[in-house]
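For reference, the structure is listed below as structure tokens.
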Amino acid sequence: MRAITFSAYGGPEVLRLSDIPVPEPGTGQVRLAVRAAGINPLDWKVRYGSKQQNFQISFPHTPGFEVAGVVDAAGEGAEFAVGDEVFGWPDTGGYAEYALARTLALKPAGISWADAAALPVAGETALRVLGQLAVREGETLLVHGASGAVGRFAAQVAVARGATVIGTAGGRNLDDLKSLGVVPVLYGDGWEERVRGATPGPVDAVLDAAGHGVLPGSVELRGTKERIVTIADGAAFELGIPYSGPEQSREVLTRVACWVTDRGVRIAQGKSYPLQDAAAAHIDSEDGHPGGKLTLVIS
């Protein structure tokens, strides 16, 4: 089968389109014919080797942490059958024509393959962090990086739950945030004063999905380190602020999908690339302004 692999840490140029064996599902696993795979910043951080402490890989390695596709083989005790359309987190790399997986959910018919591949990481992260922050109706939530996949999902959920959401983003994304019911604020120097000017009351909680050194200013705004969570800034450990990690389950995936199908959460799709152009997709992701969720489409 065709798959993207790399055999040494490095830049996008280490990614290769390779021919590797089709994997066979083990107990509890299914094999899916991948229709779309999500691109995440973690993909290229692993590729550079900067995440070796948390992600031990062997070479050659196929990247990709989220997939959507059709089950074409099922191991003993698997929870899905051949022909099921599913999405979730693969056990093998998602940048491939086939992947093995256990942690999946059925893909709703109304969700496209690209949208389904965009949901696992961003949706799970958004719901988890909102739970940690215990954001309630009537409170004000500040979301750094509100135009990104995680921040945008979290902002929409918080608005639907009755919170006032202030979202920082680049100038080209401010109108989009406003259309979602978010109070948009331009990021960059002086963002603290712009946030203060955007709300008459206090900021009750902060989600940092940007990781651009905004934690000290967030602590100053809050007057405390409580109810501040980051998913993007390693400085959290030095500052004593929680750094949130994933909790993967079928139930979480189902809840994430329901926010899209039943509650109208909108996914901003960026560019979709063919499998062989994974390196170009990584370059786009590393640029930091992809304009929406990047995906690989496998045909």
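By convention here, the chains of the structure tokens are called A, B, ... in the order presented, each chain's residues are numbered starting at 1, and ligands are numbered starting at 1 in the order presented.
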Within 12 Å of region 6-25 of chain A, which residues of region 80-147 of chain A show up? Give each one with its shortest atom-to-atom distance in Å (one decimal) and the two atoms involved, counting only C-alpha atoms, rows by chain then rising residue number, as CSV.
```
residue,atom,partner,partner_atom,distance
A:Phe80,CA,A:Pro25,CA,12.0
A:Pro90,CA,A:Pro25,CA,11.6
A:Asp91,CA,A:Pro25,CA,10.1
A:Thr92,CA,A:Pro23,CA,8.7
A:Gly93,CA,A:Pro23,CA,10.8
A:Tyr95,CA,A:Leu17,CA,9.6
A:Ala96,CA,A:Leu17,CA,9.3
A:Glu97,CA,A:Val22,CA,8.5
A:Tyr98,CA,A:Val22,CA,6.7
A:Ala99,CA,A:Pro23,CA,7.1
A:Leu100,CA,A:Pro25,CA,6.1
A:Ala101,CA,A:Pro25,CA,8.1
A:Arg102,CA,A:Pro25,CA,9.5
```
Produce a file of the selected residues containing N, CA, C and O atoms, as a compact mmCIF listing (two decimals), in the first residue's frame.
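The resulting result_39.txt:
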```txt
# COMPACT_ATOMS: atom_id res chain seq x y z
N PHE A 80 -16.54 -3.04 15.35
CA PHE A 80 -17.08 -2.55 14.09
C PHE A 80 -17.00 -3.65 13.04
O PHE A 80 -16.18 -4.57 13.15
N PRO A 90 -6.02 6.37 14.98
CA PRO A 90 -5.48 5.10 14.50
C PRO A 90 -4.38 4.57 15.42
O PRO A 90 -3.73 5.31 16.14
N ASP A 91 -4.19 3.25 15.37
CA ASP A 91 -3.07 2.62 16.06
C ASP A 91 -1.80 2.66 15.21
O ASP A 91 -0.69 2.58 15.73
N THR A 92 -1.98 2.72 13.90
CA THR A 92 -0.87 2.89 12.98
C THR A 92 -1.04 4.23 12.29
O THR A 92 -2.12 4.83 12.33
N GLY A 93 0.00 4.72 11.63
CA GLY A 93 -0.04 6.06 11.06
C GLY A 93 -1.17 6.27 10.08
O GLY A 93 -1.47 5.40 9.25
N TYR A 95 -1.32 8.54 7.64
CA TYR A 95 -0.94 8.98 6.30
C TYR A 95 -0.70 7.75 5.43
O TYR A 95 0.41 7.50 4.95
N ALA A 96 -1.74 7.01 5.17
CA ALA A 96 -1.59 5.74 4.45
C ALA A 96 -2.92 5.32 3.86
O ALA A 96 -3.98 5.83 4.25
N GLU A 97 -2.85 4.41 2.91
CA GLU A 97 -4.10 3.92 2.31
C GLU A 97 -4.90 3.06 3.27
O GLU A 97 -6.13 3.02 3.18
N TYR A 98 -4.21 2.40 4.21
CA TYR A 98 -4.89 1.59 5.21
C TYR A 98 -4.27 1.84 6.58
O TYR A 98 -3.07 2.11 6.70
N ALA A 99 -5.11 1.77 7.62
CA ALA A 99 -4.62 1.95 8.98
C ALA A 99 -5.39 1.03 9.91
O ALA A 99 -6.54 0.67 9.65
N LEU A 100 -4.73 0.62 10.98
CA LEU A 100 -5.38 -0.17 12.02
C LEU A 100 -5.84 0.77 13.13
O LEU A 100 -5.20 1.77 13.43
N ALA A 101 -6.96 0.39 13.77
CA ALA A 101 -7.48 1.27 14.82
C ALA A 101 -8.42 0.50 15.75
O ALA A 101 -9.02 -0.50 15.35
N ARG A 102 -8.50 0.99 17.00
CA ARG A 102 -9.47 0.50 17.98
C ARG A 102 -10.42 1.60 18.43
O ARG A 102 -11.60 1.36 18.64
```
(message) If we count only C-alpha atoms and set the cut-off at 6 Å, which residues sit around Ala169 (chain A), ignoring sequence neighbours fewer than 5 positions away in its own chain? Please answer as a ChimeraX atom specification.
(response) /A:145-147,186-187
(request) Please run DSSP on the backbone and report, as number ranges by chain, all residues within region 40-203 of chain A that come out as alpha helix (DSSP H). (result) A: 41-48, 113-133, 149-160, 174-179, 191-198
(message) For Ala118 (chain A), find every residue with an atom within 9 Å (counting only C-alpha atoms), except residues of its own chain fewer than 5 positions away, and show them as a PyMOL selection string.
(response) chain A and resi 36-39+66-68+113+123+149+267+269+293-295
(request) Record the distance separating CA of Gly245 (chain A) and CA of Gly217 (chain A), expressed in Å with one decimal. (result)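 Between CA of Gly245 (chain A) and CA of Gly217 (chain A) the gap is 22.5 Å.
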(request) Can you work out which one of A:Gly131, A:Gly171, A:Gly75, A:Gly288 has the shortest atom-to-atom distance to Ala205 (chain A), counting only C-alpha atoms? (result)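 Among the listed residues, the smallest separation from Ala205 (chain A) belongs to A:Gly131.
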Pull the strand (DSSP E or B) assignments for region 46-160 of chain A out of DSSP run on the backbone, and list those residues as a PDB file with N, CA and C atoms, in the first residue's frame.
```pdb
ATOM      1  N   HIS A  61       8.798   5.420   9.982  1.00  0.00           N
ATOM      2  CA  HIS A  61       7.599   5.775  10.725  1.00  0.00           C
ATOM      3  C   HIS A  61       6.588   6.454   9.808  1.00  0.00           C
ATOM      4  N   VAL A  67      -7.956   9.857  11.633  1.00  0.00           N
ATOM      5  CA  VAL A  67      -8.356   9.321  10.335  1.00  0.00           C
ATOM      6  C   VAL A  67      -9.869   9.183  10.243  1.00  0.00           C
ATOM      7  N   ALA A  68     -10.331   9.076   9.008  1.00  0.00           N
ATOM      8  CA  ALA A  68     -11.717   8.713   8.721  1.00  0.00           C
ATOM      9  C   ALA A  68     -11.679   7.780   7.520  1.00  0.00           C
ATOM     10  N   GLY A  69     -12.493   6.725   7.577  1.00  0.00           N
ATOM     11  CA  GLY A  69     -12.481   5.779   6.472  1.00  0.00           C
ATOM     12  C   GLY A  69     -13.497   4.675   6.635  1.00  0.00           C
ATOM     13  N   VAL A  70     -13.373   3.640   5.802  1.00  0.00           N
ATOM     14  CA  VAL A  70     -14.321   2.528   5.762  1.00  0.00           C
ATOM     15  C   VAL A  70     -13.639   1.258   6.245  1.00  0.00           C
ATOM     16  N   VAL A  71     -14.261   0.577   7.193  1.00  0.00           N
ATOM     17  CA  VAL A  71     -13.704  -0.684   7.702  1.00  0.00           C
ATOM     18  C   VAL A  71     -13.693  -1.720   6.587  1.00  0.00           C
ATOM     19  N   ASP A  72     -12.526  -2.325   6.351  1.00  0.00           N
ATOM     20  CA  ASP A  72     -12.463  -3.359   5.312  1.00  0.00           C
ATOM     21  C   ASP A  72     -11.987  -4.701   5.850  1.00  0.00           C
ATOM     22  N   ALA A  73     -11.625  -4.767   7.141  1.00  0.00           N
ATOM     23  CA  ALA A  73     -11.272  -6.028   7.787  1.00  0.00           C
ATOM     24  C   ALA A  73     -11.408  -5.824   9.291  1.00  0.00           C
ATOM     25  N   ALA A  74     -11.837  -6.881   9.989  1.00  0.00           N
ATOM     26  CA  ALA A  74     -12.045  -6.774  11.435  1.00  0.00           C
ATOM     27  C   ALA A  74     -11.397  -7.949  12.144  1.00  0.00           C
ATOM     28  N   GLU A  85     -18.595   3.028   8.228  1.00  0.00           N
ATOM     29  CA  GLU A  85     -17.870   4.285   8.023  1.00  0.00           C
ATOM     30  C   GLU A  85     -17.544   4.860   9.396  1.00  0.00           C
ATOM     31  N   VAL A  86     -16.264   5.089   9.661  1.00  0.00           N
ATOM     32  CA  VAL A  86     -15.806   5.418  11.014  1.00  0.00           C
ATOM     33  C   VAL A  86     -14.796   6.561  10.989  1.00  0.00           C
ATOM     34  N   PHE A  87     -14.531   7.109  12.179  1.00  0.00           N
ATOM     35  CA  PHE A  87     -13.470   8.109  12.328  1.00  0.00           C
ATOM     36  C   PHE A  87     -12.896   7.984  13.725  1.00  0.00           C
ATOM     37  N   GLY A  88     -11.672   8.438  13.902  1.00  0.00           N
ATOM     38  CA  GLY A  88     -11.071   8.374  15.231  1.00  0.00           C
ATOM     39  C   GLY A  88      -9.560   8.407  15.180  1.00  0.00           C
ATOM     40  N   TRP A  89      -8.974   7.753  16.201  1.00  0.00           N
ATOM     41  CA  TRP A  89      -7.517   7.751  16.365  1.00  0.00           C
ATOM     42  C   TRP A  89      -6.954   6.398  15.915  1.00  0.00           C
ATOM     43  N   PRO A  90      -6.023   6.373  14.976  1.00  0.00           N
ATOM     44  CA  PRO A  90      -5.478   5.099  14.500  1.00  0.00           C
ATOM     45  C   PRO A  90      -4.377   4.568  15.418  1.00  0.00           C
ATOM     46  N   ALA A  96      -1.736   7.008   5.169  1.00  0.00           N
ATOM     47  CA  ALA A  96      -1.590   5.740   4.453  1.00  0.00           C
ATOM     48  C   ALA A  96      -2.923   5.322   3.855  1.00  0.00           C
ATOM     49  N   TYR A  98      -4.206   2.405   4.208  1.00  0.00           N
ATOM     50  CA  TYR A  98      -4.894   1.587   5.210  1.00  0.00           C
ATOM     51  C   TYR A  98      -4.269   1.841   6.579  1.00  0.00           C
ATOM     52  N   ALA A  99      -5.108   1.768   7.618  1.00  0.00           N
ATOM     53  CA  ALA A  99      -4.622   1.953   8.981  1.00  0.00           C
ATOM     54  C   ALA A  99      -5.386   1.026   9.908  1.00  0.00           C
ATOM     55  N   LEU A 100      -4.733   0.622  10.979  1.00  0.00           N
ATOM     56  CA  LEU A 100      -5.379  -0.173  12.019  1.00  0.00           C
ATOM     57  C   LEU A 100      -5.840   0.765  13.129  1.00  0.00           C
ATOM     58  N   ALA A 101      -6.958   0.395  13.771  1.00  0.00           N
ATOM     59  CA  ALA A 101      -7.481   1.269  14.819  1.00  0.00           C
ATOM     60  C   ALA A 101      -8.416   0.498  15.748  1.00  0.00           C
ATOM     61  N   ARG A 102      -8.500   0.986  16.997  1.00  0.00           N
ATOM     62  CA  ARG A 102      -9.466   0.502  17.982  1.00  0.00           C
ATOM     63  C   ARG A 102     -10.417   1.604  18.432  1.00  0.00           C
ATOM     64  N   THR A 103      -9.863   2.802  18.627  1.00  0.00           N
ATOM     65  CA  THR A 103     -10.640   3.891  19.209  1.00  0.00           C
ATOM     66  C   THR A 103     -11.305   4.684  18.106  1.00  0.00           C
ATOM     67  N   LEU A 104     -12.528   4.280  17.784  1.00  0.00           N
ATOM     68  CA  LEU A 104     -13.268   4.830  16.662  1.00  0.00           C
ATOM     69  C   LEU A 104     -14.722   5.055  17.058  1.00  0.00           C
ATOM     70  N   ALA A 105     -15.431   5.812  16.226  1.00  0.00           N
ATOM     71  CA  ALA A 105     -16.877   5.957  16.344  1.00  0.00           C
ATOM     72  C   ALA A 105     -17.452   5.960  14.936  1.00  0.00           C
ATOM     73  N   LEU A 106     -18.721   5.652  14.830  1.00  0.00           N
ATOM     74  CA  LEU A 106     -19.370   5.690  13.529  1.00  0.00           C
ATOM     75  C   LEU A 106     -19.426   7.130  13.017  1.00  0.00           C
ATOM     76  N   THR A 140     -17.286  34.566  31.430  1.00  0.00           N
ATOM     77  CA  THR A 140     -16.504  35.030  30.283  1.00  0.00           C
ATOM     78  C   THR A 140     -15.268  34.153  30.128  1.00  0.00           C
ATOM     79  N   LEU A 141     -15.135  33.579  28.950  1.00  0.00           N
ATOM     80  CA  LEU A 141     -13.995  32.721  28.617  1.00  0.00           C
ATOM     81  C   LEU A 141     -13.132  33.427  27.584  1.00  0.00           C
ATOM     82  N   LEU A 142     -11.836  33.482  27.842  1.00  0.00           N
ATOM     83  CA  LEU A 142     -10.873  34.002  26.871  1.00  0.00           C
ATOM     84  C   LEU A 142     -10.203  32.822  26.178  1.00  0.00           C
ATOM     85  N   VAL A 143     -10.275  32.796  24.856  1.00  0.00           N
ATOM     86  CA  VAL A 143      -9.643  31.735  24.068  1.00  0.00           C
ATOM     87  C   VAL A 143      -8.540  32.345  23.218  1.00  0.00           C
ATOM     88  N   HIS A 144      -7.292  31.981  23.517  1.00  0.00           N
ATOM     89  CA  HIS A 144      -6.163  32.385  22.676  1.00  0.00           C
ATOM     90  C   HIS A 144      -6.055  31.412  21.507  1.00  0.00           C
TER      91      HIS A 144
END
```
(message) Report, in Å with one decimal, the straight-line distance from CA of Asp284 (chain A) to CA of Gly64 (chain A).
(response)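 About the pair CA of Asp284 (chain A) and CA of Gly64 (chain A): they are 15.5 Å apart.
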(message) Would you pick out the contacts of Leu127 (chain A) at 9 Å or less, using only C-alpha atoms, so that residues sharing its chain but fewer than 4 positions from it are not included, and give the list as a list in words?
(response)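 Selected residues are Ala122, Gly123, Gly131, Gln132, Phe153, Ala154, Val157, Val252, Arg255 and Val256 of chain A.
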(message) So that I can check the surroundings of Ile241 (chain A), please list as number ranges by chain every protein, DNA and RNA residue that reaches within 12 Å of it, counting only C-alpha atoms and ignoring chain neighbours fewer than 3 positions away.
(response) A: 133, 206-208, 215-216, 218-219, 224-238, 244
Take the residues just selected and output them with N, CA and C atoms as a PDB file, in the first residue's frame.
```
ATOM      1  N   LEU A 133     -11.924  23.586  32.821  1.00  0.00           N
ATOM      2  CA  LEU A 133     -12.124  24.981  33.207  1.00  0.00           C
ATOM      3  C   LEU A 133     -13.478  25.209  33.867  1.00  0.00           C
ATOM      4  N   VAL A 206      -9.468  30.929  31.071  1.00  0.00           N
ATOM      5  CA  VAL A 206      -8.627  31.150  29.889  1.00  0.00           C
ATOM      6  C   VAL A 206      -8.217  29.799  29.301  1.00  0.00           C
ATOM      7  N   LEU A 207      -8.423  29.655  28.007  1.00  0.00           N
ATOM      8  CA  LEU A 207      -7.905  28.518  27.245  1.00  0.00           C
ATOM      9  C   LEU A 207      -6.855  29.041  26.281  1.00  0.00           C
ATOM     10  N   ASP A 208      -5.618  28.584  26.463  1.00  0.00           N
ATOM     11  CA  ASP A 208      -4.535  28.965  25.555  1.00  0.00           C
ATOM     12  C   ASP A 208      -4.335  27.859  24.539  1.00  0.00           C
ATOM     13  N   LEU A 215       0.691  33.276  28.467  1.00  0.00           N
ATOM     14  CA  LEU A 215       0.313  32.834  29.813  1.00  0.00           C
ATOM     15  C   LEU A 215       0.553  33.899  30.885  1.00  0.00           C
ATOM     16  N   PRO A 216       1.713  34.578  30.915  1.00  0.00           N
ATOM     17  CA  PRO A 216       1.892  35.610  31.944  1.00  0.00           C
ATOM     18  C   PRO A 216       0.820  36.694  31.889  1.00  0.00           C
ATOM     19  N   SER A 218      -2.152  36.344  30.732  1.00  0.00           N
ATOM     20  CA  SER A 218      -3.419  35.737  31.128  1.00  0.00           C
ATOM     21  C   SER A 218      -3.536  35.672  32.646  1.00  0.00           C
ATOM     22  N   VAL A 219      -2.420  35.353  33.310  1.00  0.00           N
ATOM     23  CA  VAL A 219      -2.409  35.336  34.776  1.00  0.00           C
ATOM     24  C   VAL A 219      -2.695  36.735  35.317  1.00  0.00           C
ATOM     25  N   THR A 224      -4.933  35.470  39.063  1.00  0.00           N
ATOM     26  CA  THR A 224      -4.653  34.169  39.669  1.00  0.00           C
ATOM     27  C   THR A 224      -4.276  33.193  38.566  1.00  0.00           C
ATOM     28  N   LYS A 225      -3.648  32.071  38.942  1.00  0.00           N
ATOM     29  CA  LYS A 225      -3.332  31.018  37.982  1.00  0.00           C
ATOM     30  C   LYS A 225      -4.467  30.010  37.845  1.00  0.00           C
ATOM     31  N   GLU A 226      -5.490  30.155  38.672  1.00  0.00           N
ATOM     32  CA  GLU A 226      -6.604  29.227  38.630  1.00  0.00           C
ATOM     33  C   GLU A 226      -7.441  29.436  37.363  1.00  0.00           C
ATOM     34  N   ARG A 227      -7.972  28.336  36.864  1.00  0.00           N
ATOM     35  CA  ARG A 227      -8.859  28.330  35.691  1.00  0.00           C
ATOM     36  C   ARG A 227      -8.160  28.898  34.449  1.00  0.00           C
ATOM     37  N   ILE A 228      -6.886  28.564  34.319  1.00  0.00           N
ATOM     38  CA  ILE A 228      -6.127  28.813  33.089  1.00  0.00           C
ATOM     39  C   ILE A 228      -5.530  27.476  32.663  1.00  0.00           C
ATOM     40  N   VAL A 229      -5.762  27.092  31.414  1.00  0.00           N
ATOM     41  CA  VAL A 229      -5.228  25.837  30.894  1.00  0.00           C
ATOM     42  C   VAL A 229      -4.621  26.101  29.522  1.00  0.00           C
ATOM     43  N   THR A 230      -3.457  25.508  29.259  1.00  0.00           N
ATOM     44  CA  THR A 230      -2.847  25.602  27.938  1.00  0.00           C
ATOM     45  C   THR A 230      -2.714  24.214  27.314  1.00  0.00           C
ATOM     46  N   ILE A 231      -2.801  24.175  26.004  1.00  0.00           N
ATOM     47  CA  ILE A 231      -2.519  22.935  25.272  1.00  0.00           C
ATOM     48  C   ILE A 231      -1.308  23.131  24.367  1.00  0.00           C
ATOM     49  N   ALA A 232      -0.658  24.306  24.474  1.00  0.00           N
ATOM     50  CA  ALA A 232       0.337  24.665  23.463  1.00  0.00           C
ATOM     51  C   ALA A 232       1.620  25.277  23.990  1.00  0.00           C
ATOM     52  N   ASP A 233       1.715  25.591  25.285  1.00  0.00           N
ATOM     53  CA  ASP A 233       2.875  26.319  25.794  1.00  0.00           C
ATOM     54  C   ASP A 233       3.577  25.522  26.876  1.00  0.00           C
ATOM     55  N   GLY A 234       4.799  25.040  26.567  1.00  0.00           N
ATOM     56  CA  GLY A 234       5.568  24.277  27.536  1.00  0.00           C
ATOM     57  C   GLY A 234       5.968  25.066  28.758  1.00  0.00           C
ATOM     58  N   ALA A 235       5.872  26.398  28.686  1.00  0.00           N
ATOM     59  CA  ALA A 235       6.182  27.232  29.850  1.00  0.00           C
ATOM     60  C   ALA A 235       5.192  27.022  30.982  1.00  0.00           C
ATOM     61  N   ALA A 236       4.106  26.320  30.697  1.00  0.00           N
ATOM     62  CA  ALA A 236       3.093  26.063  31.722  1.00  0.00           C
ATOM     63  C   ALA A 236       3.695  25.385  32.940  1.00  0.00           C
ATOM     64  N   PHE A 237       4.641  24.476  32.723  1.00  0.00           N
ATOM     65  CA  PHE A 237       5.218  23.716  33.830  1.00  0.00           C
ATOM     66  C   PHE A 237       5.983  24.632  34.781  1.00  0.00           C
ATOM     67  N   GLU A 238       6.699  25.599  34.225  1.00  0.00           N
ATOM     68  CA  GLU A 238       7.448  26.541  35.058  1.00  0.00           C
ATOM     69  C   GLU A 238       6.519  27.500  35.791  1.00  0.00           C
ATOM     70  N   SER A 244      -2.747  20.423  29.413  1.00  0.00           N
ATOM     71  CA  SER A 244      -3.748  19.368  29.277  1.00  0.00           C
ATOM     72  C   SER A 244      -3.382  18.376  28.191  1.00  0.00           C
TER      73      SER A 244
END
```
(message) I'd like the interatomic distance between CA of Gly49 (chain A) and CA of Leu253 (chain A), to a tenth of an Å.
(response) 28.5 Å
Contacts of Val182 (chain A) within 6 Å, only C-alpha atoms, excl. fewer than 4 positions in-chain, as a compact mmCIF listing (two decimals) with N, CA and C atoms, in the first residue's frame:
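The result, written out as around.txt:
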```txt
# COMPACT_ATOMS: atom_id res chain seq x y z
N VAL A 165 -17.62 34.61 25.03
CA VAL A 165 -16.30 34.15 24.60
C VAL A 165 -15.57 35.29 23.91
N ILE A 166 -14.40 35.61 24.42
CA ILE A 166 -13.49 36.55 23.77
C ILE A 166 -12.40 35.72 23.10
N LEU A 177 -14.85 34.88 13.45
CA LEU A 177 -15.15 34.66 14.86
C LEU A 177 -16.43 35.40 15.27
N LYS A 178 -16.58 36.61 14.78
CA LYS A 178 -17.78 37.39 15.10
C LYS A 178 -19.03 36.67 14.62
```
(message) Please list as a PyMOL selection string every residue within 9 Å of Leu221 (chain A), counting only C-alpha atoms and excluding residues in the same chain fewer than 6 positions away.
(response) chain A and resi 192+195-196+202-203
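For the choices A:Val150, A:Asp176, A:Ala279, A:Ile298, the atom-to-atom distance to Arg47 (chain A) is smallest for A:Ala279 when using only C-alpha atoms.
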(message) From the options A:Thr199, A:Thr5, A:Glu124, A:Leu275, which residue's atoms come nearest to Glu251 (chain A), counting only C-alpha atoms?
(response)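 Using only C-alpha atoms, the shortest distance to Glu251 (chain A) belongs to A:Glu124.
Of the residues listed (A:Arg172, A:Arg266, A:His212, A:Arg194), A:Arg172 shows the shortest atom-to-atom separation from His289 (chain A); distances use only C-alpha atoms.
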